[in-house]
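Q: Here it is, the structure in full.
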Amino acid sequence: MPLDPYRLPRAVLPHHYAVVLEPELDAATFTGTVDITVNAVDTVDEVVLNAIELTISTVYVDGVESTFSTDTDTERLFIAASLTPGSHTISIAFTGVLNDKLRGFYRSTYKDDDGTEHVIACSQMQATDCRRAFPCFDEPDFKAEFGITLVVDDGLMAVSNGPEIRREATGGGRIAVTFEDTMAMSTYLVAVIVGRLEATEPVDVAGTPLRVVHVPGKAHLTQFALDVGASALGWFQEYYGIAYPGKKVDMVALPDFAAGAMENLGCITYRESLLLVDPETSTQLEQGIVADVVSHELAHMWFGDLVTMRWWNGIWLNEAFATFMEIMAVDQFRPEWERWTAFSLERTAALEVDSLASTRTVEFEVRAPSECEGMFDVLTYQKGGALLRMLQQYIGAERFRQGVNHYLRTHSYGNTETSDLWDGIESVTTADGGNEPVRELMDSWIWQAGYPLVSATLVGADLHLRQERFTFDEVSNDATLFVVPVAVRVGDTLHHILLDKAEATLTLDAAAASAADAAGTPIVINAGGQGFFRVAYDDVLRARLNAAALVRLNTVERYNLVDDASAAFVAGRLSANALLAFLEGFSGERELAVWQAVIGSLGRLSRLLEGAARVPFQARVAALVEAALADLGWTPAADEDPLRAQLRGLLITSFAVLGNDADAQSRCRAILDGDHSATDPELVAAATTVVAATGGQPEFDRFVAAFKSAPTPQEQLRNLYALAEFDDADLIRQAAEFAFSGDVRTQNAPFLLGRCIANRAHGNVAWKIVRTRWEEANETFPNPSIVRMIDPVKTLNTPEALADVQGFFAEHPIKQAVTTLAQVLERQRVNTDLRSREADGFAKSLLDG
Ligand SMILES: [Zn+2]
């Protein structure tokens with residue numbers, strides 16, 4: 001029988017790995033040995049495991065030297081050995097290279113205060129790169145214990161998954177540092193880090209020591225991560241009802257990191273900007289990202305590390321669940337951030353992609369591990385997280401928690417399929433007689449692409465609900481039906497209905513439904529706003545959502561009204577004029593999330609306009625924003641609500657840039673020119689954006705200098721990304737070229753380029769540079785970031801740009817992100833259609849006043 005190229009045979013199962021790795025930092029090489037204790041469940045004459053980019057020198061099986069061969073295509077090592085059922089030991093010696101591709105065992109660098117460069121050897125194993133560090137059975141269901149030893153120069157720090165248990169001098173100034181065996185876990189969770197690093201004192205979290213590891217000189221940026229880490233770690237133990245499964249937690253900030261962070265058991269790795277932060281000089285958003293990511297990774301210690309997907313098709317649930325739990329944990333840590341309200345924007349990002357014909361089902365069959373690379377996207381994290389939130393709201397928070405708890409207890413140290421979670425939750429809803437169809441409901445959302453538009457019609461006391469798939473394409477005719485839990489609120493009374501057919505009717509209390517009582521009694525579909533669908537109200541219901549009724553809606557419900565209107569505009573169900581008039585009804589709004597939806601929609605409208613029509617548009621934006629900004633004032637009150645401070649920043653930026661207000665622009669310049677060390681970071685960040693968006697070469701040079709000397713990762717990125725805001729073709733060209741200079745780390749360069757392409761007026765200039773330097777970008781930048789870099793081409797909405805971009809990618813596919821690229825290209829077509837349909841009429845009506 002020929003071997004499956006992606007799945008190893010199951011006749012030999014690893015039980016324990018004793019790994020010794022000895023990196024030579026300056027030479028960027030390493031040597032290693034691994035002793036794998038395996039259990040043969042059958043008689044075999046060959047052992048097959050994974051290895052790639054390693055030079056294997058010797059292989060012994062039970063102490064006897066064996067012949068072996070390797071295959072580069074399948075990334076395999078074949079060992080000739082006659083094994084009888086039972087325990088055996090495979091010992092392999094090898095050498096390798098610390099690569100610069102930020103995968104496997106790789107090289108990161110930093111310069112100290114004297115300008116001397118130091119090398120860190122570090123690892124990123126997910127999905128299938130552990131085989132680049134040492135030969136192993138590199139599939140998630142081959143769980144085993146790992147006993148790791150790192151041989152390092154005396155004076156360097158060595159960190160791995162387990163706590164250090166032994167150090168021995170090996171001669172030549174080298175020390176062998178041995179770590180305690182891990183629990184049984186998957187290879188993709190192994191971590192090894194060696195370098196000139198420092199660690200904070202451990203914080204004790206219910207017996208688990210928690211530290212932050214960082215390059216020297218950054219200890220003063222660690223307290224926030226320790227605070228959120230301690231809060232989340234403690235809270236997860238309560239929520240899951242299971243003790244933390246490791247022995248310690250190190251959170252390691254690495255100068256070069258391809259992804260955001262990685263949930264290696266006990267040794268979580270991060271980009272510096274996602275772990276090290278100064279609360280005094282950072283915005284709520286900048287702190288919030290750190291809180292999110294720290295919580296997300298700690299959530300994985302149970303969901304992902306203790307209980308793990310059997311194969312890579314399950315990666316979506318792993319990530320969706322950690323996303324859901326991250327919000328839960330941050331909501332505990334900082335209730336005043338209203339994290340579930342802020343999640344609305346993330347849900348929108350998922351709905352936007354899911355409105356395309358080229359969207360995908362959340363779960364899909366994965367044969368080659370590389371097929372799961374396309375799963376690390378908005379449909380996994382944000383849609384998946386939103387679906388879990390919808391399920392939790394439907395069955396109730398405590399029953400949901402009990403179901404998760406049941407699932408984790410049943411499958412601890414094991415591997416699962418997605419349906420095991422639904423079964424775990426259903427065991428709770430069955431036991432208490434609620435009998436909600438959890439599996440049926442989730443299957444309808446996981447295995448079908450897209451989401452529904454729920455249309456509501458009120459006839460007498462009958463509220464008719466009808467579902468159809470929502471797409472940006474007007475011709476839908478899609479028969480897909482979802483099992484939709486719809487919450488309906490009439491005044492203060494909540495109703496629940498499971499819309500599992502095309503239509504359903506809810507008979508309301510006649511008095512509440514009557515027109516006489518209509519004033520001030522809103523009827524809200526998707527009450528609470530946590531459902532993953534859009535709503536279309538008929539004229540009767542829409543008329544009831546007047547100004548008096550709006551104040552009785554919660555923030556997410558009002559956010560959804562704006563967001564649904566904005567989507568209706570893209571889909572051709574609402575004109576640009578009508579959308580602008582609708583947005584102007586929100587001048588009395590004072591909640592951040594709603595304003596974010598309003599401003600986002602205004603930005604969308606602004607991309608339809610060029611030349612003279614921009615002036616009346618700017619005036620109308622300024623008029624809409626001005627009252628709210630005047631109400632908040634430019635000066636923060638002491639101990640102000642953080643969302644209010646963030647709203648001020650948003651309104652200032654919008655007033656000054658979208659509204660083109662000269663006075664606001666000069667106030668922003670004054671803020672940045674003065675000593676702003678004690679100024680509210682929200683104001684400083686807003687002023688940075690405004691000065692960039694309205695500045696010239698001197699300001700550009702100033703931000704480059706500020707980027708190079710920034711004292712924190714957040715200020716560094718803020719100044720770097722400001723370069724993409726300039727309203728000048730030559731400066732955008734300079735910014736895009738700067739991304740290719742050695743001054744910008746390869747982990748950040750693609751994101752600077754993406755922001756340049758997103759520039760409202762000059763994105764095309766940046767796109768041309770990316771297009772010209774395409775091969776260089778692909779060779780230099782981490783693989784997963786390539787499609788993120790070009791994502792904003794969807795905003796290039798002229799027919800010429802459309803032809804150029806679509807033609808280019810027809811010749812240059814992105815093979816690691818085929819589906820995502822198709823979505824970007826489809827969205828560009830949608831946006832170009834939108835512009836050709838709406839731009840002239842919109843401009844004319846603006847100019848006619
Ligand atoms: Zn994750």
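Letters A, B, ... mark the chains of the structure tokens in the order given; residue numbers begin at 1 per chain; ligand numbers begin at 1, in order shown.
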When DSSP works through the backbone of this structure, what residues of stretch 444-601 of chain A end up as alpha helix (DSSP H), shown as a count of residues only?
A: 51
Q: Within 12 Å of A:Ile425, counting only C-alpha atoms, which residues qualify if same-chain residues fewer than 4 places away don't, as a ChimeraX atom specification?
A: /A:388,391-392,395-408,410,418-421,429-432,434-439,442
Q: Residues of chain A that approach ligand 1 to 12 Å or less, counting only C-alpha atoms and all ligand atoms: could you list each one with the shortest pair of atoms and its distance in Å to one decimal, rows by chain and increasing residue number, as a Markdown table?
A:
| residue | atom | partner | partner_atom_place_in_ligand_line | distance |
| --- | --- | --- | --- | --- |
| A:Gln126 | CA | ligand 1 | 1 (Zn) | 10.7 |
| A:Ala127 | CA | ligand 1 | 1 (Zn) | 11.9 |
| A:Leu189 | CA | ligand 1 | 1 (Zn) | 11.8 |
| A:Ala259 | CA | ligand 1 | 1 (Zn) | 10.0 |
| A:Gly260 | CA | ligand 1 | 1 (Zn) | 9.0 |
| A:Ala261 | CA | ligand 1 | 1 (Zn) | 7.6 |
| A:Met262 | CA | ligand 1 | 1 (Zn) | 6.8 |
| A:Glu263 | CA | ligand 1 | 1 (Zn) | 6.7 |
| A:Asn264 | CA | ligand 1 | 1 (Zn) | 10.3 |
| A:Ile268 | CA | ligand 1 | 1 (Zn) | 10.9 |
| A:Thr269 | CA | ligand 1 | 1 (Zn) | 11.5 |
| A:Tyr270 | CA | ligand 1 | 1 (Zn) | 11.5 |
| A:Asp292 | CA | ligand 1 | 1 (Zn) | 10.6 |
| A:Val293 | CA | ligand 1 | 1 (Zn) | 8.4 |
| A:Val294 | CA | ligand 1 | 1 (Zn) | 10.1 |
| A:Ser295 | CA | ligand 1 | 1 (Zn) | 9.8 |
| A:His296 | CA | ligand 1 | 1 (Zn) | 6.1 |
| A:Glu297 | CA | ligand 1 | 1 (Zn) | 6.0 |
| A:Leu298 | CA | ligand 1 | 1 (Zn) | 9.2 |
| A:Ala299 | CA | ligand 1 | 1 (Zn) | 8.4 |
| A:His300 | CA | ligand 1 | 1 (Zn) | 6.7 |
| A:Met301 | CA | ligand 1 | 1 (Zn) | 10.0 |
| A:Trp302 | CA | ligand 1 | 1 (Zn) | 11.7 |
| A:Phe303 | CA | ligand 1 | 1 (Zn) | 9.6 |
| A:Gly304 | CA | ligand 1 | 1 (Zn) | 8.4 |
| A:Asp305 | CA | ligand 1 | 1 (Zn) | 10.6 |
| A:Ile315 | CA | ligand 1 | 1 (Zn) | 8.9 |
| A:Trp316 | CA | ligand 1 | 1 (Zn) | 9.3 |
| A:Leu317 | CA | ligand 1 | 1 (Zn) | 9.7 |
| A:Asn318 | CA | ligand 1 | 1 (Zn) | 6.8 |
| A:Glu319 | CA | ligand 1 | 1 (Zn) | 4.6 |
| A:Ala320 | CA | ligand 1 | 1 (Zn) | 7.8 |
| A:Phe321 | CA | ligand 1 | 1 (Zn) | 8.4 |
| A:Ala322 | CA | ligand 1 | 1 (Zn) | 5.8 |
| A:Thr323 | CA | ligand 1 | 1 (Zn) | 7.1 |
| A:Phe324 | CA | ligand 1 | 1 (Zn) | 10.4 |
| A:Met325 | CA | ligand 1 | 1 (Zn) | 10.4 |
| A:Glu326 | CA | ligand 1 | 1 (Zn) | 9.5 |
| A:Met375 | CA | ligand 1 | 1 (Zn) | 11.5 |
| A:Phe376 | CA | ligand 1 | 1 (Zn) | 9.0 |
| A:Asp377 | CA | ligand 1 | 1 (Zn) | 11.1 |
| A:Thr380 | CA | ligand 1 | 1 (Zn) | 10.1 |
| A:Tyr381 | CA | ligand 1 | 1 (Zn) | 8.2 |
| A:Gln382 | CA | ligand 1 | 1 (Zn) | 11.5 |
| A:Gly384 | CA | ligand 1 | 1 (Zn) | 11.9 |
| A:Gly385 | CA | ligand 1 | 1 (Zn) | 11.2 |
Q: Please list as a list in words every residue within 9 Å of A:Arg347, counting only C-alpha atoms and excluding residues in the same chain fewer than 5 positions away.
A: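 Near neighbours after the sequence-gap exclusion: Glu352, Val378, Gln382, Lys383, Gly385, Ala386, Gln530 and Phe532 of chain A.
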Q: Export, as a PDB file, in the first residue's frame, the selected residues with C-alpha atoms.
A:
ATOM      1  CA  GLU A 352     -17.779  41.647   4.949  1.00  0.00           C
ATOM      2  CA  VAL A 378     -10.976  36.437   9.502  1.00  0.00           C
ATOM      3  CA  GLN A 382     -13.674  36.520  13.854  1.00  0.00           C
ATOM      4  CA  LYS A 383     -16.534  34.569  12.293  1.00  0.00           C
ATOM      5  CA  GLY A 385     -15.532  33.557  17.521  1.00  0.00           C
ATOM      6  CA  ALA A 386     -18.801  35.303  16.652  1.00  0.00           C
ATOM      7  CA  GLN A 530     -24.722  39.196  19.023  1.00  0.00           C
ATOM      8  CA  PHE A 532     -24.131  36.574  13.074  1.00  0.00           C
TER       9      PHE A 532
END
Q: In Å, how far is it from atom CA of A:Glu338 to atom CA of A:Asn719?
A: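 The value is 27.5 Å.
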Q: I'd like the interatomic distance between atom CA of A:Ile327 and atom CA of A:His214, to a tenth of an Å.
A: 25.6 Å
Q: Write out as JSON, numbers by chain all residues of stretch 169-318 of chain A that backbone DSSP assigns to strand (DSSP E).
A: {"A": [169, 170, 171, 174, 175, 176, 177, 178, 179, 192, 193, 194, 195, 198, 199, 203, 204, 205, 208, 209, 210, 211, 212, 213, 214, 249, 250, 251, 252, 253, 254, 261, 262, 267, 268, 269, 270, 271, 308, 309]}
Q: Could you write out that same residue set with N, CA, C and O atoms as a short mmCIF file (atom, residue, chain, number, x, y, z; two decimals), in the first residue's frame?
A:
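again01.cif was written with the following content:
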data_model
loop_
_atom_site.label_atom_id
_atom_site.label_comp_id
_atom_site.auth_asym_id
_atom_site.auth_seq_id
_atom_site.Cartn_x
_atom_site.Cartn_y
_atom_site.Cartn_z
N ALA A 169 27.98 22.08 33.43
CA ALA A 169 29.00 22.58 32.52
C ALA A 169 29.41 21.44 31.58
O ALA A 169 29.56 20.29 32.00
N THR A 170 29.54 21.75 30.29
CA THR A 170 29.94 20.70 29.34
C THR A 170 31.32 20.97 28.78
O THR A 170 31.77 20.30 27.86
N GLY A 171 32.02 21.98 29.32
CA GLY A 171 33.36 22.32 28.84
C GLY A 171 33.30 23.41 27.78
O GLY A 171 32.27 23.60 27.14
N ARG A 174 30.55 26.20 28.08
CA ARG A 174 29.15 25.91 27.72
C ARG A 174 28.42 25.20 28.86
O ARG A 174 29.02 24.46 29.64
N ILE A 175 27.14 25.46 28.91
CA ILE A 175 26.29 24.91 29.96
C ILE A 175 25.15 24.14 29.31
O ILE A 175 24.54 24.64 28.37
N ALA A 176 24.88 22.94 29.84
CA ALA A 176 23.70 22.20 29.37
C ALA A 176 22.56 22.48 30.33
O ALA A 176 22.64 22.17 31.52
N VAL A 177 21.52 23.13 29.81
CA VAL A 177 20.37 23.49 30.64
C VAL A 177 19.24 22.51 30.32
O VAL A 177 18.81 22.42 29.16
N THR A 178 18.79 21.79 31.34
CA THR A 178 17.75 20.78 31.11
C THR A 178 16.44 21.22 31.73
O THR A 178 16.41 21.78 32.82
N PHE A 179 15.36 20.97 30.98
CA PHE A 179 14.03 21.38 31.42
C PHE A 179 13.20 20.15 31.76
O PHE A 179 13.38 19.08 31.16
N VAL A 192 11.85 26.42 21.95
CA VAL A 192 13.23 26.51 22.42
C VAL A 192 13.76 27.91 22.10
O VAL A 192 13.63 28.38 20.97
N ILE A 193 14.31 28.58 23.12
CA ILE A 193 14.79 29.95 22.94
C ILE A 193 16.12 30.12 23.67
O ILE A 193 16.24 29.74 24.83
N VAL A 194 17.09 30.69 22.97
CA VAL A 194 18.42 30.91 23.55
C VAL A 194 18.90 32.29 23.14
O VAL A 194 18.85 32.64 21.95
N GLY A 195 19.36 33.08 24.10
CA GLY A 195 19.91 34.38 23.72
C GLY A 195 20.26 35.22 24.93
O GLY A 195 20.04 34.81 26.08
N GLU A 198 16.56 38.76 29.30
CA GLU A 198 16.30 38.94 30.73
C GLU A 198 14.88 38.48 31.03
O GLU A 198 14.03 38.46 30.15
N ALA A 199 14.65 38.14 32.31
CA ALA A 199 13.29 37.75 32.73
C ALA A 199 12.90 38.58 33.94
O ALA A 199 13.74 38.96 34.75
N VAL A 203 5.60 36.17 38.94
CA VAL A 203 4.38 36.48 39.69
C VAL A 203 3.72 35.14 40.00
O VAL A 203 3.62 34.29 39.11
N ASP A 204 3.29 34.93 41.24
CA ASP A 204 2.66 33.66 41.58
C ASP A 204 1.16 33.73 41.29
O ASP A 204 0.45 34.56 41.83
N VAL A 205 0.68 32.87 40.39
CA VAL A 205 -0.75 32.84 40.07
C VAL A 205 -1.28 31.47 40.52
O VAL A 205 -1.14 30.49 39.80
N THR A 208 1.28 28.91 40.09
CA THR A 208 2.00 28.88 38.81
C THR A 208 2.83 30.16 38.67
O THR A 208 2.28 31.25 38.70
N PRO A 209 4.18 30.02 38.51
CA PRO A 209 4.98 31.23 38.29
C PRO A 209 4.84 31.76 36.87
O PRO A 209 4.93 31.00 35.91
N LEU A 210 4.61 33.06 36.78
CA LEU A 210 4.40 33.73 35.49
C LEU A 210 5.47 34.81 35.33
O LEU A 210 5.63 35.66 36.20
N ARG A 211 6.22 34.76 34.21
CA ARG A 211 7.26 35.77 33.96
C ARG A 211 7.11 36.33 32.55
O ARG A 211 6.50 35.72 31.68
N VAL A 212 7.77 37.49 32.33
CA VAL A 212 7.95 38.00 30.97
C VAL A 212 9.44 37.95 30.66
O VAL A 212 10.27 38.38 31.48
N VAL A 213 9.80 37.40 29.51
CA VAL A 213 11.19 37.33 29.06
C VAL A 213 11.34 38.31 27.90
O VAL A 213 10.47 38.38 27.02
N HIS A 214 12.44 39.07 27.92
CA HIS A 214 12.58 40.17 26.95
C HIS A 214 14.04 40.47 26.70
O HIS A 214 14.91 40.01 27.47
N VAL A 249 4.61 29.61 33.40
CA VAL A 249 4.33 30.32 32.14
C VAL A 249 5.40 31.39 31.94
O VAL A 249 5.57 32.26 32.78
N ASP A 250 6.14 31.26 30.84
CA ASP A 250 7.00 32.35 30.40
C ASP A 250 6.36 32.96 29.17
O ASP A 250 5.97 32.25 28.24
N MET A 251 6.24 34.28 29.16
CA MET A 251 5.74 34.99 27.97
C MET A 251 6.96 35.72 27.39
O MET A 251 7.54 36.60 28.05
N VAL A 252 7.37 35.33 26.19
CA VAL A 252 8.64 35.76 25.63
C VAL A 252 8.42 36.74 24.48
O VAL A 252 7.73 36.42 23.51
N ALA A 253 9.00 37.93 24.61
CA ALA A 253 8.89 38.95 23.55
C ALA A 253 10.07 38.81 22.60
O ALA A 253 11.21 38.96 23.01
N LEU A 254 9.79 38.50 21.33
CA LEU A 254 10.86 38.29 20.35
C LEU A 254 10.90 39.44 19.36
O LEU A 254 9.87 39.87 18.84
N ALA A 261 1.53 35.85 17.88
CA ALA A 261 2.00 35.17 19.08
C ALA A 261 1.76 33.68 18.87
O ALA A 261 1.06 33.28 17.94
N MET A 262 2.35 32.85 19.76
CA MET A 262 2.19 31.39 19.59
C MET A 262 2.07 30.73 20.96
O MET A 262 2.88 30.97 21.84
N CYS A 267 5.55 28.38 27.39
CA CYS A 267 6.59 29.22 26.79
C CYS A 267 5.99 29.93 25.58
O CYS A 267 6.26 29.60 24.44
N ILE A 268 5.16 30.93 25.87
CA ILE A 268 4.39 31.60 24.83
C ILE A 268 5.26 32.68 24.20
O ILE A 268 5.87 33.48 24.91
N THR A 269 5.33 32.70 22.87
CA THR A 269 6.15 33.69 22.17
C THR A 269 5.27 34.77 21.55
O THR A 269 4.15 34.49 21.11
N TYR A 270 5.80 35.99 21.51
CA TYR A 270 5.04 37.16 21.05
C TYR A 270 5.92 38.06 20.22
O TYR A 270 7.12 38.14 20.43
N ARG A 271 5.30 38.84 19.33
CA ARG A 271 5.92 40.06 18.83
C ARG A 271 6.10 41.00 20.02
O ARG A 271 5.24 41.05 20.89
N THR A 308 -6.53 18.91 21.97
CA THR A 308 -5.96 19.36 20.70
C THR A 308 -6.73 18.76 19.53
O THR A 308 -7.20 17.63 19.62
N MET A 309 -6.82 19.54 18.45
CA MET A 309 -7.49 18.99 17.25
C MET A 309 -6.71 17.79 16.74
O MET A 309 -5.49 17.75 16.81
#
Q: Can you measure atom CA of A:Ala456 to atom CA of A:Asp354 for me? One decimal in Å is fine.
A: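 Computing it gives 21.4 Å between the two atoms.
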Q: Tell me which protein, DNA and RNA residues are within 12 Å of stretch 72-79 of chain A, counting only C-alpha atoms, leaving out same-chain ones fewer than 4 positions away, and put them as a VMD selection string.
A: chain A and resid 3 to 9 12 44 to 56 58 to 61 64 to 68 83 90 to 92 94 128 to 132 134 to 138 368 to 370
Q: Name the residues in contact with A:Asn783 at a cut-off of 12 Å, using only C-alpha atoms, excluding same-chain residues fewer than 2 positions from it; report them as a ChimeraX atom specification.
A: /A:101-103,257-259,370,373-374,746-747,750,777-781,785-789,814-817
Q: For A:Arg558, find every residue with an atom within 9 Å (counting only C-alpha atoms), except residues of its own chain fewer than 6 positions away, and show them as a PDB file with all heavy atoms, in the first residue's frame.
A:
ATOM      1  N   GLY A 529     -27.697  42.166  19.739  1.00  0.00           N
ATOM      2  CA  GLY A 529     -26.768  42.390  18.633  1.00  0.00           C
ATOM      3  C   GLY A 529     -25.698  41.332  18.435  1.00  0.00           C
ATOM      4  O   GLY A 529     -24.761  41.551  17.671  1.00  0.00           O
ATOM      5  N   LEU A 550     -34.181  55.214  19.305  1.00  0.00           N
ATOM      6  CA  LEU A 550     -32.747  54.898  19.229  1.00  0.00           C
ATOM      7  C   LEU A 550     -32.090  54.888  20.606  1.00  0.00           C
ATOM      8  O   LEU A 550     -31.230  54.060  20.881  1.00  0.00           O
ATOM      9  CB  LEU A 550     -32.024  55.914  18.333  1.00  0.00           C
ATOM     10  CG  LEU A 550     -32.061  55.655  16.827  1.00  0.00           C
ATOM     11  CD1 LEU A 550     -31.185  56.668  16.105  1.00  0.00           C
ATOM     12  CD2 LEU A 550     -31.609  54.238  16.489  1.00  0.00           C
ATOM     13  N   VAL A 551     -32.497  55.808  21.469  1.00  0.00           N
ATOM     14  CA  VAL A 551     -31.858  55.874  22.786  1.00  0.00           C
ATOM     15  C   VAL A 551     -32.221  54.665  23.645  1.00  0.00           C
ATOM     16  O   VAL A 551     -31.584  54.394  24.643  1.00  0.00           O
ATOM     17  CB  VAL A 551     -32.221  57.172  23.541  1.00  0.00           C
ATOM     18  CG1 VAL A 551     -31.731  58.389  22.774  1.00  0.00           C
ATOM     19  CG2 VAL A 551     -33.726  57.264  23.807  1.00  0.00           C
ATOM     20  N   ALA A 593     -18.347  52.852  19.692  1.00  0.00           N
ATOM     21  CA  ALA A 593     -18.515  51.825  18.653  1.00  0.00           C
ATOM     22  C   ALA A 593     -19.429  52.317  17.534  1.00  0.00           C
ATOM     23  O   ALA A 593     -19.179  52.059  16.350  1.00  0.00           O
ATOM     24  CB  ALA A 593     -19.063  50.537  19.256  1.00  0.00           C
ATOM     25  N   VAL A 594     -20.484  53.028  17.911  1.00  0.00           N
ATOM     26  CA  VAL A 594     -21.410  53.522  16.892  1.00  0.00           C
ATOM     27  C   VAL A 594     -20.703  54.545  16.000  1.00  0.00           C
ATOM     28  O   VAL A 594     -20.837  54.533  14.773  1.00  0.00           O
ATOM     29  CB  VAL A 594     -22.671  54.123  17.550  1.00  0.00           C
ATOM     30  CG1 VAL A 594     -23.671  54.539  16.471  1.00  0.00           C
ATOM     31  CG2 VAL A 594     -23.309  53.124  18.503  1.00  0.00           C
TER      32      VAL A 594
END
